[in-house]
$ cat upload38.pdb   # PDB, C-alpha atoms
ATOM      1  CA  MET A   1      24.812   4.726 -18.623  1.00  0.00           C
ATOM      2  CA  PHE A   2      21.046   4.755 -19.251  1.00  0.00           C
ATOM      3  CA  ARG A   3      19.644   5.136 -22.736  1.00  0.00           C
ATOM      4  CA  LYS A   4      17.693   8.184 -23.793  1.00  0.00           C
ATOM      5  CA  MET A   5      14.131   7.648 -24.889  1.00  0.00           C
ATOM      6  CA  ARG A   6      13.977   7.145 -28.632  1.00  0.00           C
ATOM      7  CA  ARG A   7      10.566   8.742 -29.051  1.00  0.00           C
ATOM      8  CA  SER A   8      11.163  11.776 -26.882  1.00  0.00           C
ATOM      9  CA  PRO A   9       8.067  13.696 -28.090  1.00  0.00           C
ATOM     10  CA  GLN A  10       6.031  11.045 -26.248  1.00  0.00           C
ATOM     11  CA  ALA A  11       7.923  11.603 -22.982  1.00  0.00           C
ATOM     12  CA  LEU A  12       5.929  12.259 -19.832  1.00  0.00           C
ATOM     13  CA  SER A  13       6.824  15.166 -17.582  1.00  0.00           C
ATOM     14  CA  LYS A  14       8.231  14.458 -14.122  1.00  0.00           C
ATOM     15  CA  GLU A  15       4.825  15.367 -12.659  1.00  0.00           C
ATOM     16  CA  GLU A  16       3.050  12.889 -14.957  1.00  0.00           C
ATOM     17  CA  ILE A  17       5.549  10.166 -14.073  1.00  0.00           C
ATOM     18  CA  ILE A  18       4.949  10.699 -10.360  1.00  0.00           C
ATOM     19  CA  GLU A  19       1.186  10.724 -10.937  1.00  0.00           C
ATOM     20  CA  VAL A  20       1.384   7.281 -12.579  1.00  0.00           C
ATOM     21  CA  LEU A  21       3.548   5.902  -9.753  1.00  0.00           C
ATOM     22  CA  VAL A  22       1.249   7.299  -7.057  1.00  0.00           C
ATOM     23  CA  LYS A  23      -2.050   6.396  -8.714  1.00  0.00           C
ATOM     24  CA  GLU A  24      -1.330   2.926 -10.066  1.00  0.00           C
ATOM     25  CA  THR A  25      -0.986   0.014  -7.683  1.00  0.00           C
ATOM     26  CA  ARG A  26       0.896  -2.600  -9.694  1.00  0.00           C
ATOM     27  CA  GLY A  27       3.804  -3.109 -12.004  1.00  0.00           C
ATOM     28  CA  VAL A  28       6.341  -5.719 -13.024  1.00  0.00           C
ATOM     29  CA  LEU A  29       9.585  -5.977 -11.098  1.00  0.00           C
ATOM     30  CA  SER A  30      12.455  -7.431 -13.130  1.00  0.00           C
ATOM     31  CA  VAL A  31      15.568  -8.872 -11.539  1.00  0.00           C
ATOM     32  CA  GLN A  32      18.536 -10.930 -12.688  1.00  0.00           C
ATOM     33  CA  GLY A  33      17.164 -14.394 -11.916  1.00  0.00           C
ATOM     34  CA  ASP A  34      18.698 -17.827 -11.696  1.00  0.00           C
ATOM     35  CA  ASP A  35      21.336 -18.855 -14.246  1.00  0.00           C
ATOM     36  CA  GLY A  36      21.290 -15.383 -15.840  1.00  0.00           C
ATOM     37  CA  TYR A  37      17.638 -15.565 -16.883  1.00  0.00           C
ATOM     38  CA  PRO A  38      15.603 -12.401 -16.337  1.00  0.00           C
ATOM     39  CA  TYR A  39      12.812 -12.816 -13.801  1.00  0.00           C
ATOM     40  CA  GLY A  40       9.810 -10.519 -13.947  1.00  0.00           C
ATOM     41  CA  VAL A  41       7.096 -10.676 -11.321  1.00  0.00           C
ATOM     42  CA  PRO A  42       3.895  -8.621 -10.985  1.00  0.00           C
ATOM     43  CA  ILE A  43       3.913  -6.821  -7.659  1.00  0.00           C
ATOM     44  CA  ASN A  44       2.164  -4.035  -5.752  1.00  0.00           C
ATOM     45  CA  HIS A  45       4.092  -0.866  -4.996  1.00  0.00           C
ATOM     46  CA  TYR A  46       3.975   2.335  -2.986  1.00  0.00           C
ATOM     47  CA  TYR A  47       5.749   5.443  -4.245  1.00  0.00           C
ATOM     48  CA  ASP A  48       6.792   7.810  -1.473  1.00  0.00           C
ATOM     49  CA  GLU A  49       7.125  11.351  -2.771  1.00  0.00           C
ATOM     50  CA  GLU A  50       9.128  12.433   0.277  1.00  0.00           C
ATOM     51  CA  THR A  51      11.934   9.872  -0.163  1.00  0.00           C
ATOM     52  CA  GLY A  52      11.551   9.496  -3.936  1.00  0.00           C
ATOM     53  CA  LYS A  53      11.645   5.719  -3.540  1.00  0.00           C
ATOM     54  CA  LEU A  54       9.363   2.851  -4.505  1.00  0.00           C
ATOM     55  CA  TYR A  55       8.484   0.448  -1.692  1.00  0.00           C
ATOM     56  CA  PHE A  56       7.360  -3.176  -1.850  1.00  0.00           C
ATOM     57  CA  HIS A  57       6.598  -5.946   0.619  1.00  0.00           C
ATOM     58  CA  GLY A  58       6.291  -9.690   0.482  1.00  0.00           C
ATOM     59  CA  ALA A  59       7.632 -12.937   1.864  1.00  0.00           C
ATOM     60  CA  ASP A  60      11.089 -12.864   3.402  1.00  0.00           C
ATOM     61  CA  PHE A  61      12.320 -15.619   1.080  1.00  0.00           C
ATOM     62  CA  GLY A  62      11.974 -16.746  -2.526  1.00  0.00           C
ATOM     63  CA  HIS A  63      13.252 -16.176  -6.050  1.00  0.00           C
ATOM     64  CA  ARG A  64      12.866 -12.389  -5.942  1.00  0.00           C
ATOM     65  CA  VAL A  65      14.661 -12.048  -2.584  1.00  0.00           C
ATOM     66  CA  ASP A  66      17.493 -14.375  -3.636  1.00  0.00           C
ATOM     67  CA  ALA A  67      17.966 -12.412  -6.877  1.00  0.00           C
ATOM     68  CA  ILE A  68      18.052  -9.037  -5.107  1.00  0.00           C
ATOM     69  CA  LYS A  69      20.589 -10.312  -2.590  1.00  0.00           C
ATOM     70  CA  ARG A  70      22.759 -11.569  -5.460  1.00  0.00           C
ATOM     71  CA  ASP A  71      22.415  -8.406  -7.575  1.00  0.00           C
ATOM     72  CA  PRO A  72      20.438  -5.372  -6.372  1.00  0.00           C
ATOM     73  CA  LYS A  73      20.036  -3.866  -9.871  1.00  0.00           C
ATOM     74  CA  VAL A  74      16.368  -3.944 -10.867  1.00  0.00           C
ATOM     75  CA  SER A  75      13.888  -2.408 -13.242  1.00  0.00           C
ATOM     76  CA  TYR A  76      10.225  -1.784 -12.578  1.00  0.00           C
ATOM     77  CA  CYS A  77       7.564  -1.081 -15.192  1.00  0.00           C
ATOM     78  CA  VAL A  78       4.155   0.455 -14.462  1.00  0.00           C
ATOM     79  CA  PHE A  79       1.306   0.853 -16.938  1.00  0.00           C
ATOM     80  CA  GLY A  80      -1.447   3.368 -16.317  1.00  0.00           C
ATOM     81  CA  GLN A  81      -5.044   2.716 -17.281  1.00  0.00           C
ATOM     82  CA  ASP A  82      -5.606   2.962 -21.002  1.00  0.00           C
ATOM     83  CA  TYR A  83      -8.089   5.399 -22.490  1.00  0.00           C
ATOM     84  CA  GLN A  84      -9.440   6.489 -25.850  1.00  0.00           C
ATOM     85  CA  LYS A  85      -9.802   9.958 -27.243  1.00  0.00           C
ATOM     86  CA  GLU A  86     -13.118  10.730 -28.859  1.00  0.00           C
ATOM     87  CA  GLY A  87     -13.154   9.630 -32.494  1.00  0.00           C
ATOM     88  CA  ASP A  88      -9.959   7.560 -32.194  1.00  0.00           C
ATOM     89  CA  TRP A  89     -10.127   3.761 -32.338  1.00  0.00           C
ATOM     90  CA  ALA A  90      -6.661   3.247 -30.835  1.00  0.00           C
ATOM     91  CA  LYS A  91      -6.001   3.468 -27.138  1.00  0.00           C
ATOM     92  CA  TYR A  92      -3.512   5.590 -25.229  1.00  0.00           C
ATOM     93  CA  VAL A  93      -1.600   4.385 -22.200  1.00  0.00           C
ATOM     94  CA  LYS A  94       0.995   5.975 -19.944  1.00  0.00           C
ATOM     95  CA  SER A  95       3.929   3.833 -18.897  1.00  0.00           C
ATOM     96  CA  VAL A  96       6.835   4.407 -16.537  1.00  0.00           C
ATOM     97  CA  ILE A  97      10.094   2.486 -16.306  1.00  0.00           C
ATOM     98  CA  VAL A  98      12.329   2.771 -13.262  1.00  0.00           C
ATOM     99  CA  PHE A  99      15.927   1.598 -12.994  1.00  0.00           C
ATOM    100  CA  GLY A 100      17.648   1.418  -9.655  1.00  0.00           C
ATOM    101  CA  LYS A 101      19.103  -0.635  -6.876  1.00  0.00           C
ATOM    102  CA  ALA A 102      16.908  -2.521  -4.438  1.00  0.00           C
ATOM    103  CA  GLU A 103      17.622  -2.085  -0.767  1.00  0.00           C
ATOM    104  CA  LEU A 104      16.306  -4.777   1.593  1.00  0.00           C
ATOM    105  CA  ILE A 105      14.491  -3.458   4.670  1.00  0.00           C
ATOM    106  CA  GLU A 106      14.516  -5.867   7.574  1.00  0.00           C
ATOM    107  CA  ASP A 107      13.768  -3.506  10.489  1.00  0.00           C
ATOM    108  CA  GLN A 108      10.328  -4.454  11.886  1.00  0.00           C
ATOM    109  CA  GLU A 109       9.202  -0.858  12.461  1.00  0.00           C
ATOM    110  CA  GLU A 110      10.041   0.057   8.865  1.00  0.00           C
ATOM    111  CA  ILE A 111       8.326  -3.083   7.577  1.00  0.00           C
ATOM    112  CA  VAL A 112       5.133  -2.184   9.437  1.00  0.00           C
ATOM    113  CA  LYS A 113       5.316   1.443   8.243  1.00  0.00           C
ATOM    114  CA  TRP A 114       5.658   0.544   4.559  1.00  0.00           C
ATOM    115  CA  SER A 115       3.207  -2.356   4.791  1.00  0.00           C
ATOM    116  CA  ARG A 116       0.568   0.066   6.094  1.00  0.00           C
ATOM    117  CA  ALA A 117       1.354   2.553   3.324  1.00  0.00           C
ATOM    118  CA  LEU A 118       0.997  -0.195   0.709  1.00  0.00           C
ATOM    119  CA  CYS A 119      -2.270  -1.473   2.183  1.00  0.00           C
ATOM    120  CA  ASP A 120      -3.722   2.037   2.312  1.00  0.00           C
ATOM    121  CA  LYS A 121      -3.733   2.076  -1.510  1.00  0.00           C
ATOM    122  CA  PHE A 122      -6.416  -0.633  -1.450  1.00  0.00           C
ATOM    123  CA  PRO A 123     -10.015  -0.545  -0.203  1.00  0.00           C
ATOM    124  CA  CYS A 124      -9.261  -2.469   3.002  1.00  0.00           C
ATOM    125  CA  THR A 125     -10.588  -1.626   6.441  1.00  0.00           C
ATOM    126  CA  ARG A 126      -8.093  -0.476   9.089  1.00  0.00           C
ATOM    127  CA  GLU A 127      -9.083  -3.512  11.172  1.00  0.00           C
ATOM    128  CA  TYR A 128      -8.220  -5.909   8.318  1.00  0.00           C
ATOM    129  CA  ILE A 129      -4.878  -4.171   7.697  1.00  0.00           C
ATOM    130  CA  GLU A 130      -3.843  -4.294  11.354  1.00  0.00           C
ATOM    131  CA  THR A 131      -4.885  -7.967  11.676  1.00  0.00           C
ATOM    132  CA  GLU A 132      -2.808  -8.906   8.612  1.00  0.00           C
ATOM    133  CA  ILE A 133       0.195  -6.910   9.810  1.00  0.00           C
ATOM    134  CA  GLU A 134       0.039  -8.484  13.260  1.00  0.00           C
ATOM    135  CA  LYS A 135      -0.242 -11.961  11.724  1.00  0.00           C
ATOM    136  CA  ASP A 136       2.412 -11.632   8.988  1.00  0.00           C
ATOM    137  CA  ALA A 137       4.899  -8.864   9.882  1.00  0.00           C
ATOM    138  CA  LYS A 138       7.396 -11.321  11.347  1.00  0.00           C
ATOM    139  CA  ARG A 139       7.538 -13.170   8.001  1.00  0.00           C
ATOM    140  CA  THR A 140       7.517 -10.049   5.856  1.00  0.00           C
ATOM    141  CA  LEU A 141      10.398  -8.336   4.126  1.00  0.00           C
ATOM    142  CA  CYS A 142      10.226  -4.919   2.541  1.00  0.00           C
ATOM    143  CA  PHE A 143      12.519  -3.389   0.017  1.00  0.00           C
ATOM    144  CA  ALA A 144      12.888  -0.025  -1.632  1.00  0.00           C
ATOM    145  CA  ILE A 145      14.177   0.913  -5.034  1.00  0.00           C
ATOM    146  CA  ASN A 146      16.685   3.721  -4.912  1.00  0.00           C
ATOM    147  CA  ILE A 147      15.870   5.213  -8.289  1.00  0.00           C
ATOM    148  CA  GLU A 148      18.828   5.921 -10.575  1.00  0.00           C
ATOM    149  CA  ASP A 149      16.896   6.565 -13.785  1.00  0.00           C
ATOM    150  CA  ILE A 150      13.233   6.993 -14.560  1.00  0.00           C
ATOM    151  CA  ASN A 151      11.272   7.799 -17.668  1.00  0.00           C
ATOM    152  CA  GLY A 152       7.743   7.626 -18.857  1.00  0.00           C
ATOM    153  CA  LYS A 153       5.878   7.958 -22.088  1.00  0.00           C
ATOM    154  CA  LEU A 154       2.444   8.188 -23.591  1.00  0.00           C
ATOM    155  CA  VAL A 155       1.949   5.326 -25.998  1.00  0.00           C
ATOM    156  CA  HIS A 156      -0.623   5.544 -28.784  1.00  0.00           C
ATOM    157  CA  GLU A 157      -1.384   1.988 -29.800  1.00  0.00           C
ATOM    158  CA  ALA A 158      -2.152   2.822 -33.447  1.00  0.00           C
TER
END
$ encode --input "upload38.pdb" --output "structure tokens"
Amino acid sequence: MFRKMRRSPQALSKEEIIEVLVKETRGVLSVQGDDGYPYGVPINHYYDEETGKLYFHGADFGHRVDAIKRDPKVSYCVFGQDYQKEGDWAKYVKSVIVFGKAELIEDQEEIVKWSRALCDKFPCTREYIETEIEKDAKRTLCFAINIEDINGKLVHEA
């Protein structure tokens, strides 16, 4: 069902893939948008190693939510920070692509739990996080990607 990576020598190990998902804060979520057009949106994520799922939060309405309700199949792409090896002009970057089905989370306790986990990835104070959650939790929707396929690779931009 899912394609094998063409450049398999560049494949990241499972540990490296998880490291990218845990360390990086953003990626691009792609859904089947309106009238069959793909819709990609930059979004923050939280990868939970215990459940093996990616979690997101945002408004409880909009293009992304409508698309997920219509078709839960999604992909999510994360790029790690690029770097250079000494003596090499070209940069290296790790990327991860996830395929799966999005599951909407509407339970308020779960929304607060995953919203806190997402916020903890950023340099916010606990007071700021709790104020934002109290203010916006009622209008917030979370969703998780149940991962069906995942791969990552080290790209050398030469």
$ closest_residue --input "upload38.pdb" --among "A:Ala102, A:Cys77, A:Val22, A:Ala11" --to "A:Ile43" --atoms "all atoms listed in the file"
A:Cys77
$ closest_residue --input "upload38.pdb" --among "A:Lys153, A:Thr25, A:Gln108, A:Tyr39" --to "A:Pro123" --atoms "all atoms listed in the file"
A:Thr25
$ closest_residue --input "upload38.pdb" --among "A:Asn151, A:Ile18, A:Ile133, A:Phe143" --to "A:Glu50" --atoms "all atoms listed in the file"
A:Ile18
$ atom_distance --input "upload38.pdb" --atom1 "atom CA of A:Phe99" --atom2 "atom CA of A:Asp149"
5.1 Å
$ axis_aligned_box --input "upload38.pdb" --around "stretch 53-65 of chain A" --padding-each-side "8 Å" --output "lines of an AutoDock Vina configuration file"
center_x = 10.5
center_y = -5.5
center_z = -1.3
size_x = 24.4
size_y = 38.5
size_z = 25.5
$ residues_around --input "upload38.pdb" --residues "A:Lys94" --least-positions-apart "6" --cutoff "10 Å" --atoms "all atoms listed in the file" --output "short mmCIF file (atom, residue, chain, number, x, y, z; two decimals) with C-alpha atoms, in the frame of the given file"
data_model
loop_
_atom_site.label_atom_id
_atom_site.label_comp_id
_atom_site.auth_asym_id
_atom_site.auth_seq_id
_atom_site.Cartn_x
_atom_site.Cartn_y
_atom_site.Cartn_z
CA GLN A 10 6.03 11.04 -26.25
CA ALA A 11 7.92 11.60 -22.98
CA LEU A 12 5.93 12.26 -19.83
CA GLU A 16 3.05 12.89 -14.96
CA ILE A 17 5.55 10.17 -14.07
CA VAL A 20 1.38 7.28 -12.58
CA VAL A 78 4.16 0.46 -14.46
CA PHE A 79 1.31 0.85 -16.94
CA GLY A 80 -1.45 3.37 -16.32
CA GLN A 81 -5.04 2.72 -17.28
CA ASP A 82 -5.61 2.96 -21.00
CA TYR A 83 -8.09 5.40 -22.49
CA GLY A 152 7.74 7.63 -18.86
CA LYS A 153 5.88 7.96 -22.09
CA LEU A 154 2.44 8.19 -23.59
CA VAL A 155 1.95 5.33 -26.00
CA HIS A 156 -0.62 5.54 -28.78
#
$ resolve_selection --input "upload38.pdb" --expression "the PyMOL selection byres ((chain A and resi 111) around 10)" --output "number ranges by chain"
A: 55-58, 105-110, 112-117, 133, 137-138, 140-143
$ resolve_selection --input "upload38.pdb" --expression "the PyMOL selection byres ((chain A and resi 28) around 9)" --output "list in words"
Arg26, Gly27, Leu29, Ser30, Gly40, Val41, Pro42, Ile43, Asn44, Ser75, Tyr76, Cys77 and Val78 of chain A
$ write_last_selection --input "upload38.pdb" --atoms "C-alpha atoms" --output "PDB file, in the coordinates of the input"
ATOM      1  CA  ARG A  26       0.896  -2.600  -9.694  1.00  0.00           C
ATOM      2  CA  GLY A  27       3.804  -3.109 -12.004  1.00  0.00           C
ATOM      3  CA  LEU A  29       9.585  -5.977 -11.098  1.00  0.00           C
ATOM      4  CA  SER A  30      12.455  -7.431 -13.130  1.00  0.00           C
ATOM      5  CA  GLY A  40       9.810 -10.519 -13.947  1.00  0.00           C
ATOM      6  CA  VAL A  41       7.096 -10.676 -11.321  1.00  0.00           C
ATOM      7  CA  PRO A  42       3.895  -8.621 -10.985  1.00  0.00           C
ATOM      8  CA  ILE A  43       3.913  -6.821  -7.659  1.00  0.00           C
ATOM      9  CA  ASN A  44       2.164  -4.035  -5.752  1.00  0.00           C
ATOM     10  CA  SER A  75      13.888  -2.408 -13.242  1.00  0.00           C
ATOM     11  CA  TYR A  76      10.225  -1.784 -12.578  1.00  0.00           C
ATOM     12  CA  CYS A  77       7.564  -1.081 -15.192  1.00  0.00           C
ATOM     13  CA  VAL A  78       4.155   0.455 -14.462  1.00  0.00           C
TER      14      VAL A  78
END
$ closest_residue --input "upload38.pdb" --among "A:Val98, A:Gln84, A:Glu49, A:Val31" --to "A:Ala67" --atoms "only C-alpha atoms"
A:Val31
$ resolve_selection --input "upload38.pdb" --expression "the PyMOL selection byres ((chain A and resi 54) around 6)" --output "CSV table (one decimal) with C-alpha atoms, in the coordinates of the input"
chain,number,residue,atom,x,y,z
A,46,TYR,CA,4.0,2.3,-3.0
A,47,TYR,CA,5.7,5.4,-4.2
A,53,LYS,CA,11.6,5.7,-3.5
A,55,TYR,CA,8.5,0.4,-1.7
A,144,ALA,CA,12.9,0.0,-1.6
A,145,ILE,CA,14.2,0.9,-5.0
$ closest_residue --input "upload38.pdb" --among "A:Val96, A:Ala90, A:Met5, A:Leu104" --to "A:Ala59" --atoms "all atoms listed in the file"
A:Leu104
